[in-house]
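Student: Dumping the structure here so I can ask a few things about it.
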Amino acid sequence: MTLTNLDSDYWEKRYQNNQTGWDIGEPSTPIKTYVDQLKDKNIKILIPGGGNSYEAEYLWNKGFKNIFVADIALSPLKNLKQRVEDFPDSQLLHSDFFKLDNKFDLIIEQTFFCALNPDLRMQYTEHMLKLLKPHGKLVGLFFDFELTSEGPPFGGSIEKYQNLFEDDFRIKTLEKSRNSIKTREGKELFFIFEKR
């Protein structure tokens with residue numbers, strides 16, 4: 001695996017061989033609950049490292065049409081297109097996250113951050129800042145377990161995430177997830193960060 005963990009062949013093989021333990025087959029409950037309270041269906045949304053992106057499918061079916069899904073592997077984007085045939089091809093971005101160049105109101109984080117080599121965490125934060133519009137939000141889940149060199153997934157703690165993001169984002173929420181799926185209970189933090 002490369003230093004960046006953004007090796008398209010590596011991730012493509014994981015999808016081809018069904019080695020996708022992170023894929024729960026539906027939108028995760030904390031993100032679904034957050035989406036359910038969103039009122040403005042015109043906001044521009046990005047799901048980076050989106051994988052099969054059940055969150056994008058859920059948003060689309062709720063009437064959000066300005067959704068972009070980025071993944072370095074092509075298979076999951078094709079999988080989403082098969083499930084949601086009218087999802088625009090132009091909004092399926094077969095790309096390295098760090099090469100994206102656009103502006104979004106909301107970015108949804110779901111098992112992308114934890115797949116990156118921890119050496120890239122500062123770069124992730126800086127690129128999120130570039131991609132978000134003023135007062136844009138980064139919302140999602142981080143894993144709450146010890147950060148080791150074994151991974152992905154790579155973990156962390158409230159303190160580590162706070163230190164990483166607090167200079168550039170208003171931390172609206174960063175707390176133990178109350179409605180994680182059973183297999184992730186006690187292992188996830190739900191967060192809402194707003195670009196300063």
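Quick note on naming: the chains in the structure tokens go A, B, ... in the order shown, residues restart at 1 in each chain, and ligands are numbered from 1 in order of appearance.
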Please return as a PyMOL selection string: the residues of range 45-165 of chain A that backbone DSSP assigns to strand (DSSP E or B).
Tutor: chain A and resi 45-48+67-71+92-94+104-109+132-143+145+156
Student: Write out as a ChimeraX atom specification each polymer residue whose atoms come within 6 Å of range 71-84 of chain A, counting only C-alpha atoms; drop sequence neighbours fewer than 2 positions from it.
Tutor: /A:8,11-12,49-52,86-87,94-96
Student: Which residues come within 12 Å of Glu159 in chain A, counting only C-alpha atoms, excluding same-chain residues fewer than 5 positions away, as a JSON list (two decimals) with all heavy atoms, in the first residue's frame?
Tutor:
```
[["chain", "number", "residue", "atom", "x", "y", "z"],
["A", 144, "ASP", "N", -13.47, 6.00, 17.37],
["A", 144, "ASP", "CA", -12.99, 6.34, 18.72],
["A", 144, "ASP", "C", -12.33, 5.11, 19.34],
["A", 144, "ASP", "O", -12.90, 4.43, 20.17],
["A", 144, "ASP", "CB", -14.18, 6.81, 19.57],
["A", 144, "ASP", "CG", -13.76, 7.30, 20.94],
["A", 144, "ASP", "OD1", -12.60, 7.72, 21.09],
["A", 144, "ASP", "OD2", -14.59, 7.26, 21.86],
["A", 145, "PHE", "N", -11.14, 4.81, 18.84],
["A", 145, "PHE", "CA", -10.31, 3.78, 19.46],
["A", 145, "PHE", "C", -8.86, 4.14, 19.20],
["A", 145, "PHE", "O", -8.57, 4.99, 18.37],
["A", 145, "PHE", "CB", -10.65, 2.36, 18.98],
["A", 145, "PHE", "CG", -10.72, 2.18, 17.49],
["A", 145, "PHE", "CD1", -9.58, 2.16, 16.70],
["A", 145, "PHE", "CD2", -11.95, 2.01, 16.87],
["A", 145, "PHE", "CE1", -9.64, 1.97, 15.33],
["A", 145, "PHE", "CE2", -12.03, 1.82, 15.49],
["A", 145, "PHE", "CZ", -10.87, 1.80, 14.72],
["A", 146, "GLU", "N", -7.98, 3.50, 19.92],
["A", 146, "GLU", "CA", -6.58, 3.90, 19.91],
["A", 146, "GLU", "C", -5.99, 3.92, 18.50],
["A", 146, "GLU", "O", -6.24, 3.03, 17.69],
["A", 146, "GLU", "CB", -5.78, 2.92, 20.78],
["A", 146, "GLU", "CG", -4.35, 3.35, 21.01],
["A", 146, "GLU", "CD", -3.59, 2.36, 21.89],
["A", 146, "GLU", "OE1", -4.22, 1.47, 22.47],
["A", 146, "GLU", "OE2", -2.36, 2.52, 21.97],
["A", 147, "LEU", "N", -5.23, 4.96, 18.22],
["A", 147, "LEU", "CA", -4.53, 5.07, 16.95],
["A", 147, "LEU", "C", -3.27, 4.20, 17.01],
["A", 147, "LEU", "O", -2.41, 4.40, 17.85],
["A", 147, "LEU", "CB", -4.16, 6.53, 16.66],
["A", 147, "LEU", "CG", -3.29, 6.76, 15.42],
["A", 147, "LEU", "CD1", -3.98, 6.26, 14.16],
["A", 147, "LEU", "CD2", -2.95, 8.24, 15.29],
["A", 164, "LEU", "N", -6.67, 18.61, 16.01],
["A", 164, "LEU", "CA", -6.46, 18.66, 14.57],
["A", 164, "LEU", "C", -7.36, 19.71, 13.89],
["A", 164, "LEU", "O", -6.94, 20.38, 12.96],
["A", 164, "LEU", "CB", -6.74, 17.27, 13.97],
["A", 164, "LEU", "CG", -6.49, 17.08, 12.48],
["A", 164, "LEU", "CD1", -5.03, 17.34, 12.11],
["A", 164, "LEU", "CD2", -6.89, 15.67, 12.07],
["A", 165, "PHE", "N", -8.57, 19.85, 14.38],
["A", 165, "PHE", "CA", -9.56, 20.67, 13.68],
["A", 165, "PHE", "C", -9.88, 22.02, 14.31],
["A", 165, "PHE", "O", -10.40, 22.90, 13.64],
["A", 165, "PHE", "CB", -10.88, 19.88, 13.52],
["A", 165, "PHE", "CG", -10.78, 18.75, 12.54],
["A", 165, "PHE", "CD1", -10.48, 17.46, 12.97],
["A", 165, "PHE", "CD2", -10.99, 18.96, 11.19],
["A", 165, "PHE", "CE1", -10.39, 16.41, 12.07],
["A", 165, "PHE", "CE2", -10.91, 17.92, 10.28],
["A", 165, "PHE", "CZ", -10.60, 16.64, 10.72],
["A", 166, "GLU", "N", -9.58, 22.21, 15.60],
["A", 166, "GLU", "CA", -10.12, 23.38, 16.30],
["A", 166, "GLU", "C", -9.60, 24.73, 15.79],
["A", 166, "GLU", "O", -10.29, 25.74, 15.94],
["A", 166, "GLU", "CB", -9.90, 23.26, 17.81],
["A", 166, "GLU", "CG", -8.46, 23.28, 18.25],
["A", 166, "GLU", "CD", -8.30, 23.00, 19.73],
["A", 166, "GLU", "OE1", -9.32, 22.96, 20.45],
["A", 166, "GLU", "OE2", -7.15, 22.82, 20.17],
["A", 174, "LEU", "N", -18.84, 17.24, 18.92],
["A", 174, "LEU", "CA", -17.82, 16.18, 18.85],
["A", 174, "LEU", "C", -18.03, 15.33, 20.08],
["A", 174, "LEU", "O", -17.58, 15.64, 21.17],
["A", 174, "LEU", "CB", -16.40, 16.76, 18.81],
["A", 174, "LEU", "CG", -15.24, 15.76, 18.80],
["A", 174, "LEU", "CD1", -15.34, 14.80, 17.62],
["A", 174, "LEU", "CD2", -13.89, 16.47, 18.82],
["A", 175, "GLU", "N", -18.79, 14.25, 19.91],
["A", 175, "GLU", "CA", -19.22, 13.46, 21.07],
["A", 175, "GLU", "C", -19.44, 12.00, 20.68],
["A", 175, "GLU", "O", -19.56, 11.68, 19.50],
["A", 175, "GLU", "CB", -20.52, 14.05, 21.64],
["A", 175, "GLU", "CG", -21.68, 13.99, 20.66],
["A", 175, "GLU", "CD", -22.91, 14.76, 21.10],
["A", 175, "GLU", "OE1", -22.79, 15.64, 21.97],
["A", 175, "GLU", "OE2", -23.99, 14.47, 20.57],
["A", 189, "LEU", "N", -17.49, 8.51, 17.09],
["A", 189, "LEU", "CA", -17.77, 9.87, 17.53],
["A", 189, "LEU", "C", -18.52, 10.57, 16.40],
["A", 189, "LEU", "O", -18.11, 10.50, 15.24],
["A", 189, "LEU", "CB", -16.48, 10.64, 17.81],
["A", 189, "LEU", "CG", -15.56, 10.06, 18.88],
["A", 189, "LEU", "CD1", -14.20, 10.74, 18.83],
["A", 189, "LEU", "CD2", -16.18, 10.22, 20.27]]
```
Student: One decimal, in Å: what's the spacing between CA of Ile31 in chain A and CA of Gly140 in chain A?
Tutor: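 We find that CA of Ile31 in chain A and CA of Gly140 in chain A lie 6.3 Å from each other.
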Student: Pick from A:Cys114, A:Leu131, A:Ile107, A:Ile47: nearest to Leu93 in chain A, with only C-alpha atoms counted?
Tutor: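 Using only C-alpha atoms, the shortest distance to Leu93 in chain A belongs to A:Ile47.
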Student: Go through A:Tyr34, A:Pro88, A:Leu106, A:Glu126 one by one, measure the shortest atom-to-atom distance of each to Trp60 in chain A using only C-alpha atoms, and give the residue with the smallest value.
Tutor: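 Distance minimum relative to Trp60 in chain A lands on A:Pro88.
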Student: Counting only C-alpha atoms, which of A:Glu188, A:Asp7, A:Glu55, A:Asp101 gets nearest to Val35 in chain A?
Tutor: A:Glu55
Student: As a list in words, please: the residues near Val139 in chain A (cut-off 6 Å, only C-alpha atoms, same-chain neighbours under 6 positions excluded).
Tutor: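 Once the adjacent positions are removed, what remains is Ile108, Glu109, Phe191 and Ile192 of chain A.
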